[in-house]
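*Asks:* Below you'll find the structure I mean.
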Amino acid sequence: MSILPPGLRPAPPRLESPEPRSVPGERRAVVPSVSSERRPVVPSGSRERRVVRFGRVLVRLSPADRQVLGLYLLTRISLWITAHGARWLFPRGSDTRDAGPVLAPFQQWDANHYLHIARDGYFPADAGPWVSGWDNREAFFPGFPLLLRAVHTVVPSWTGAGLLISFVAGAVAVLALARIARSYVPEDVDGRRTVLFFLLSPCAVFLAVGYTEALFLAFALPAWLAAQRRHWALACALTALATTVRVSGLFLAAAIAVLFALSARSGRARSERPWRSVGWLALPALPPAAYSWYLHARTGDWMAWKHAQERGWYREFHAPWEAWANTWNAAFDAVHTTGYAAMFQAELAAMLVGVALVALLVRRRRWPEAVYVALSLWALGTSYWYTSIPRATLLWWPLWIGLAALSLRRPWFRTVYLCVAVPVTALVALAFLTGRWAG
């Protein structure tokens, strides 16, 4: 290292030869530089260029992102192994000699509704709620079936198309969840701890099958990340996409509206004039309004999707204490088979977890997240009895972030969680993959 002051440092010696003077009329050869030799020109549209572009996308992923995706892939492999074993070890019928199609375990319950909508539409052959034995398919929002129909043009198998959607959407969701977690829990430096708790949650199987949870989160979590960064237009556009998938998108829109109002009150935000973006908050309401208009044109009922839920899943309004009592009776009074009773017990446990989560969020004055979870609980907890609350826990990202933060303060909690959650997750996965979910 030179000890001379900067102004007296000697100039470095010139290693290259001086540039020759040009002679008028003389054509000089162009010598390629080293950098141009290292980046060869690839013909447009060629396979090499596509490989280069894919490599650039991978380069943009940080090491933390790649670790999260590695964890995600490992858990997908675990679920696929479970599905393969379920076909052979737990077939329907004691005298079965054929395990059935490879993808058959994934085409269960609501996945059939989405398949029928994507393949046949909402009202095939003028059928509808006026026909006896109607399957009430209008209860499901059109976002997932529309995407399923589009992907099916490339993937011949309907089940395979649904699995592909959930696989890609789940990868997007866990990347966004890891980044949100890092903003709340800096100690979770790469977000893997939060993602681990999320991917090993009791109902994690629904992220890997042809259901809407993964696709909803692929829109909702980036929307929340954009809202945290005050990119309101992007946040509302992504929330609008989420509302095409599930009505829960409206709960997310309410939470973003609360976050917008709180941001607008801050001194920095007032100087940035955030109220210019207030119009974007109405965007998420447009897809549900358009869907209601479509259903009204076909059925004459503006709330046809809600009435379909009431007919098919007993989602007519009841007071919260009535819903709790009805669910408790179904769980413990031996009025249903043991399979159904176990599912109702899981509904009660999930409701208790949700109420505790809302109380904790309110205590810590995290008002937007509290509004989001509370609206979800209100919608699910005011039916005749509880339905699908365990699945809804997948959508409560503050829960998984909170559990990760708790495990950092109490290291023993991670071990306890894994010892309890892993067997429950395996049981729920087997119940779904063998057709025994909900009894």
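Chain labels follow the order of the structure tokens: the first chain is A, the next B, and so on; residue numbering restarts at 1 in every chain, and ligands are counted from 1 in their shown order.
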Skipping near chain neighbours, those fewer than 3 positions away, what residues fall within 12 Å of Arg315 in chain A using only C-alpha atoms, listed as a PyMOL selection string?
*Replies:* chain A and resi 139+305-312+318-319+323+378-388
*Asks:* Considering only C-alpha atoms, state which residue in the set A:Phe198, A:Tyr122, A:Trp80, A:Trp396 is at the smallest distance from Tyr372 in chain A.
*Replies:*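 Once distances to Tyr372 in chain A are computed over only C-alpha atoms, the minimum belongs to A:Trp396.
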*Asks:* Which residues are near Arg230 in chain A? Cut-off 8 Å, only C-alpha atoms, ignore same chain within fewer than 3 positions. Put them as a PDB file with N, CA, C and O atoms, in the first residue's frame.
*Replies:*
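That gives us out_9.pdb:
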```pdb
ATOM      1  N   ALA A 226     -46.438  -5.585  -1.330  1.00  0.00           N
ATOM      2  CA  ALA A 226     -46.489  -4.305  -2.053  1.00  0.00           C
ATOM      3  C   ALA A 226     -47.134  -3.221  -1.202  1.00  0.00           C
ATOM      4  O   ALA A 226     -46.697  -2.065  -1.214  1.00  0.00           O
ATOM      5  N   ALA A 227     -48.158  -3.577  -0.439  1.00  0.00           N
ATOM      6  CA  ALA A 227     -48.811  -2.592   0.428  1.00  0.00           C
ATOM      7  C   ALA A 227     -47.871  -2.111   1.519  1.00  0.00           C
ATOM      8  O   ALA A 227     -47.867  -0.924   1.877  1.00  0.00           O
ATOM      9  N   PHE A 260     -53.573   1.466   4.482  1.00  0.00           N
ATOM     10  CA  PHE A 260     -53.480   2.723   3.733  1.00  0.00           C
ATOM     11  C   PHE A 260     -53.835   3.907   4.619  1.00  0.00           C
ATOM     12  O   PHE A 260     -53.146   4.940   4.614  1.00  0.00           O
TER      13      PHE A 260
END
```
*Asks:* Can you work out the spacing between CA of Ala334 in chain A and CA of Val205 in chain A in Å, to one decimal?
*Replies:*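 Taking CA of Ala334 in chain A and CA of Val205 in chain A, their separation equals 27.6 Å.
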*Asks:* For range 89-106 of chain A, work out the shell of residues within 8 Å, counting only C-alpha atoms and skipping chain neighbours fewer than 4 positions away, then give it as a list in words.
*Replies:*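 The neighbour list is Ala83, His84, Gly85, Ala111, Thr159, Gly160, Val209, Gly210, Phe432, Leu433, Thr434 and Gly435 of chain A.
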*Asks:* Measuring between only C-alpha atoms, which one of A:Phe123, A:Trp130, A:Phe197, A:Phe332 shows the shortest distance to Leu399 in chain A?
*Replies:*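 Smallest separation from Leu399 in chain A among the options: A:Phe197.
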*Asks:* My list of candidates is A:Met343, A:Trp397, A:Leu250, A:Ala331. Which is closest to Leu361 in chain A when distances are computed with only C-alpha atoms?
*Replies:* A:Trp397
*Asks:* Considering only C-alpha atoms, return as a compact mmCIF listing (two decimals) with N, CA and C atoms, in the first residue's frame whatever protein or nucleic-acid residues lie within 8 Å of Leu394 in chain A, sequence-local ones (same chain, fewer than 3 positions apart) excluded.
*Replies:*
```txt
# COMPACT_ATOMS: atom_id res chain seq x y z
N PHE A 198 -45.12 -23.01 8.15
CA PHE A 198 -46.24 -22.93 7.21
C PHE A 198 -46.40 -24.23 6.41
N SER A 201 -47.79 -27.17 8.38
CA SER A 201 -49.03 -26.93 9.10
C SER A 201 -50.00 -28.08 8.86
N CYS A 203 -52.93 -28.54 7.66
CA CYS A 203 -53.68 -28.63 6.40
C CYS A 203 -52.82 -28.30 5.19
N ALA A 204 -51.51 -28.51 5.30
CA ALA A 204 -50.61 -28.15 4.22
C ALA A 204 -50.87 -28.93 2.93
N GLU A 213 -56.13 -22.51 -2.34
CA GLU A 213 -55.30 -21.87 -1.31
C GLU A 213 -53.98 -21.36 -1.87
N PRO A 390 -60.00 -25.04 9.49
CA PRO A 390 -58.60 -25.50 9.45
C PRO A 390 -57.90 -25.16 8.15
N ARG A 391 -58.59 -25.27 7.02
CA ARG A 391 -57.98 -24.86 5.75
C ARG A 391 -57.71 -23.37 5.72
N TRP A 397 -51.28 -15.56 7.36
CA TRP A 397 -49.82 -15.48 7.44
C TRP A 397 -49.31 -14.91 8.76
```
*Asks:* So, counting only C-alpha atoms, which residue among A:Leu163, A:Leu79, A:Leu357, A:Ala290 is closest to Ala370 in chain A?
*Replies:* A:Leu357
*Asks:* Name the residues in contact with Thr244 in chain A at a cut-off of 8 Å, using only C-alpha atoms, excluding same-chain residues fewer than 4 positions from it; report them as a PyMOL selection string.
*Replies:* chain A and resi 141-144+240+249+287-288
*Asks:* What does the file look like for those residues with N, CA and C atoms, as a short mmCIF file (atom, residue, chain, number, x, y, z; two decimals), in the first residue's frame?
*Replies:*
```cif
data_model
loop_
_atom_site.label_atom_id
_atom_site.label_comp_id
_atom_site.auth_asym_id
_atom_site.auth_seq_id
_atom_site.Cartn_x
_atom_site.Cartn_y
_atom_site.Cartn_z
N PHE A 141 -65.72 -19.23 -6.85
CA PHE A 141 -65.38 -18.09 -7.68
C PHE A 141 -64.61 -18.55 -8.93
N PRO A 142 -64.62 -17.75 -10.00
CA PRO A 142 -64.15 -18.24 -11.30
C PRO A 142 -62.66 -18.19 -11.55
N GLY A 143 -61.87 -17.59 -10.65
CA GLY A 143 -60.45 -17.40 -10.95
C GLY A 143 -59.71 -18.70 -11.19
N PHE A 144 -59.84 -19.66 -10.28
CA PHE A 144 -59.13 -20.93 -10.44
C PHE A 144 -59.65 -21.73 -11.64
N ALA A 240 -57.14 -7.59 -6.34
CA ALA A 240 -58.25 -7.84 -7.27
C ALA A 240 -58.15 -9.23 -7.89
N GLY A 249 -60.49 -12.51 -0.63
CA GLY A 249 -59.79 -11.35 -1.17
C GLY A 249 -60.39 -10.04 -0.70
N PRO A 287 -63.96 -7.55 -9.41
CA PRO A 287 -64.21 -8.95 -9.81
C PRO A 287 -65.41 -9.59 -9.14
N PRO A 288 -65.60 -9.46 -7.81
CA PRO A 288 -66.83 -10.03 -7.23
C PRO A 288 -68.10 -9.39 -7.78
#
```
